[in-house]
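Structure first, then comments.
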Amino acid sequence: MKKTLATAGALLAFLSTAYAATVQGTIQAVDPETKSITLDDGKIYQLPAEAAVDQLAVGVRVVVTVDDTTGMVTSIEAAS
């Protein structure tokens, strides 16, 4: 039973990361009304409703992780 649960847990962890895409770029625009950002690739990325948009600034290089199934940004980190 423990082996089955461990296998199922590992499979679920794999599946949750299987649908994430990572994009790196520079923020070109931040729209607090629509909770979105535009990167230098010209694409607009939708942020979750609880995102602190006021902490994002134009010109900052970031790594954005996007859920492929919903298109919603799941994390934004400063690029190194």
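Naming works like this for the structure tokens: A, B, ... for the chains as they're shown, residue 1 at the start of each chain, ligands 1 onward in shown order.
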
If you count only C-alpha atoms, which residues fall within 8 Å of Asp40 (chain A), apart from same-chain ones fewer than 5 positions away, as a list in words?
->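 Selected residues are Gly25, Thr26, Ile27 and Gln28 of chain A.
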
Those same residues - N, CA and C atoms - I'd like them written as a PDB file, in the first residue's frame.
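Saved to selection08.pdb:
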```
ATOM      1  N   GLY A  25      12.455  37.056 -20.176  1.00  0.00           N
ATOM      2  CA  GLY A  25      12.394  38.278 -20.957  1.00  0.00           C
ATOM      3  C   GLY A  25      12.410  39.504 -20.078  1.00  0.00           C
ATOM      4  N   THR A  26      12.257  40.651 -20.713  1.00  0.00           N
ATOM      5  CA  THR A  26      12.239  41.936 -20.017  1.00  0.00           C
ATOM      6  C   THR A  26      10.817  42.479 -20.039  1.00  0.00           C
ATOM      7  N   ILE A  27      10.349  42.943 -18.889  1.00  0.00           N
ATOM      8  CA  ILE A  27       9.000  43.507 -18.807  1.00  0.00           C
ATOM      9  C   ILE A  27       8.952  44.809 -19.593  1.00  0.00           C
ATOM     10  N   GLN A  28       8.039  44.890 -20.559  1.00  0.00           N
ATOM     11  CA  GLN A  28       7.844  46.087 -21.373  1.00  0.00           C
ATOM     12  C   GLN A  28       6.654  46.916 -20.894  1.00  0.00           C
TER      13      GLN A  28
END
```

Could you pull the residues within 9 Å of Ser75 (chain A), counting only C-alpha atoms, minus those fewer than 4 positions along the same chain, as a ChimeraX atom specification?
-> /A:47,63-66

Please save all heavy atoms of the selected residues as a tab-separated table (two decimals), in the first residue's frame.
```
chain	number	residue	atom	x	y	z
A	47	LEU	N	-1.79	37.47	-15.16
A	47	LEU	CA	-1.42	37.18	-13.78
A	47	LEU	C	-2.65	36.78	-12.98
A	47	LEU	O	-3.77	37.19	-13.32
A	47	LEU	CB	-0.78	38.42	-13.14
A	47	LEU	CG	0.42	39.00	-13.87
A	47	LEU	CD1	0.81	40.33	-13.25
A	47	LEU	CD2	1.58	38.03	-13.84
A	63	VAL	N	12.00	35.74	-15.17
A	63	VAL	CA	11.68	34.39	-15.62
A	63	VAL	C	10.23	34.16	-15.21
A	63	VAL	O	9.89	34.25	-14.03
A	63	VAL	CB	12.60	33.34	-14.98
A	63	VAL	CG1	12.18	31.94	-15.39
A	63	VAL	CG2	14.05	33.59	-15.35
A	64	VAL	N	9.38	33.89	-16.18
A	64	VAL	CA	7.95	33.71	-15.95
A	64	VAL	C	7.60	32.25	-16.19
A	64	VAL	O	7.97	31.68	-17.22
A	64	VAL	CB	7.13	34.61	-16.90
A	64	VAL	CG1	5.64	34.40	-16.71
A	64	VAL	CG2	7.50	36.07	-16.71
A	65	THR	N	6.91	31.64	-15.24
A	65	THR	CA	6.41	30.28	-15.42
A	65	THR	C	4.91	30.37	-15.68
A	65	THR	O	4.18	31.03	-14.94
A	65	THR	CB	6.69	29.43	-14.17
A	65	THR	OG1	8.09	29.45	-13.90
A	65	THR	CG2	6.25	27.99	-14.38
A	66	VAL	N	4.48	29.70	-16.76
A	66	VAL	CA	3.09	29.77	-17.19
A	66	VAL	C	2.50	28.37	-17.21
A	66	VAL	O	3.12	27.43	-17.71
A	66	VAL	CB	3.00	30.38	-18.61
A	66	VAL	CG1	1.57	30.46	-19.08
A	66	VAL	CG2	3.66	31.74	-18.65
```

Nearby residues (only C-alpha atoms) at most 7 Å from Pro48 (chain A), same-chain spacing under 2 positions excluded, as a PDB file with N, CA and C atoms, in the first residue's frame:
```
ATOM      1  N   GLN A  46      -1.062  36.748 -18.513  1.00  0.00           N
ATOM      2  CA  GLN A  46      -2.101  37.012 -17.521  1.00  0.00           C
ATOM      3  C   GLN A  46      -1.636  36.570 -16.133  1.00  0.00           C
ATOM      4  N   GLU A  50      -4.720  37.591  -7.348  1.00  0.00           N
ATOM      5  CA  GLU A  50      -4.060  37.985  -6.099  1.00  0.00           C
ATOM      6  C   GLU A  50      -2.627  38.488  -6.297  1.00  0.00           C
ATOM      7  N   ALA A  51      -2.169  38.585  -7.537  1.00  0.00           N
ATOM      8  CA  ALA A  51      -0.790  39.019  -7.825  1.00  0.00           C
ATOM      9  C   ALA A  51      -0.582  40.481  -7.416  1.00  0.00           C
ATOM     10  N   MET A  72      -2.241  30.913 -17.409  1.00  0.00           N
ATOM     11  CA  MET A  72      -2.052  31.815 -16.268  1.00  0.00           C
ATOM     12  C   MET A  72      -0.619  31.720 -15.754  1.00  0.00           C
ATOM     13  N   VAL A  73      -0.046  32.874 -15.408  1.00  0.00           N
ATOM     14  CA  VAL A  73       1.289  32.917 -14.816  1.00  0.00           C
ATOM     15  C   VAL A  73       1.210  32.296 -13.420  1.00  0.00           C
TER      16      VAL A  73
END
```

Who sits within 10 Å of Ala57 (chain A), only C-alpha atoms, same chain under 3 positions skipped, as a PyMOL selection string = chain A and resi 26-30+37+53-54+60-61

Residue subset to file, keeping N, CA and C atoms, as an mmCIF file, in the first residue's frame:
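Saved to selection.cif:
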```cif
data_model
loop_
_atom_site.group_PDB
_atom_site.id
_atom_site.type_symbol
_atom_site.label_atom_id
_atom_site.label_comp_id
_atom_site.auth_asym_id
_atom_site.auth_seq_id
_atom_site.Cartn_x
_atom_site.Cartn_y
_atom_site.Cartn_z
ATOM 1 N N THR A 26 12.257 40.651 -20.713
ATOM 2 C CA THR A 26 12.239 41.936 -20.017
ATOM 3 C C THR A 26 10.817 42.479 -20.039
ATOM 4 N N ILE A 27 10.349 42.943 -18.889
ATOM 5 C CA ILE A 27 9.000 43.507 -18.807
ATOM 6 C C ILE A 27 8.952 44.809 -19.593
ATOM 7 N N GLN A 28 8.039 44.890 -20.559
ATOM 8 C CA GLN A 28 7.844 46.087 -21.373
ATOM 9 C C GLN A 28 6.654 46.916 -20.894
ATOM 10 N N ALA A 29 5.662 46.252 -20.287
ATOM 11 C CA ALA A 29 4.470 46.954 -19.801
ATOM 12 C C ALA A 29 3.828 46.158 -18.679
ATOM 13 N N VAL A 30 3.238 46.894 -17.735
ATOM 14 C CA VAL A 30 2.483 46.297 -16.634
ATOM 15 C C VAL A 30 1.113 46.951 -16.642
ATOM 16 N N ILE A 37 1.118 41.415 -17.807
ATOM 17 C CA ILE A 37 2.384 42.030 -18.174
ATOM 18 C C ILE A 37 2.678 41.694 -19.627
ATOM 19 N N VAL A 53 0.765 43.371 -8.510
ATOM 20 C CA VAL A 53 1.229 44.005 -9.744
ATOM 21 C C VAL A 53 2.102 45.219 -9.450
ATOM 22 N N ASP A 54 1.848 45.899 -8.353
ATOM 23 C CA ASP A 54 2.611 47.104 -8.014
ATOM 24 C C ASP A 54 4.083 46.806 -7.721
ATOM 25 N N VAL A 60 12.674 45.331 -16.052
ATOM 26 C CA VAL A 60 13.262 44.274 -15.230
ATOM 27 C C VAL A 60 13.256 42.964 -16.012
ATOM 28 N N ARG A 61 14.407 42.258 -15.995
ATOM 29 C CA ARG A 61 14.490 40.922 -16.634
ATOM 30 C C ARG A 61 13.917 39.902 -15.666
#
```

Can you work out the spacing between CA of Asp67 (chain A) and CA of Ser36 (chain A) in Å, to one decimal?
->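 For CA of Asp67 (chain A) relative to CA of Ser36 (chain A), the distance reads 14.5 Å.
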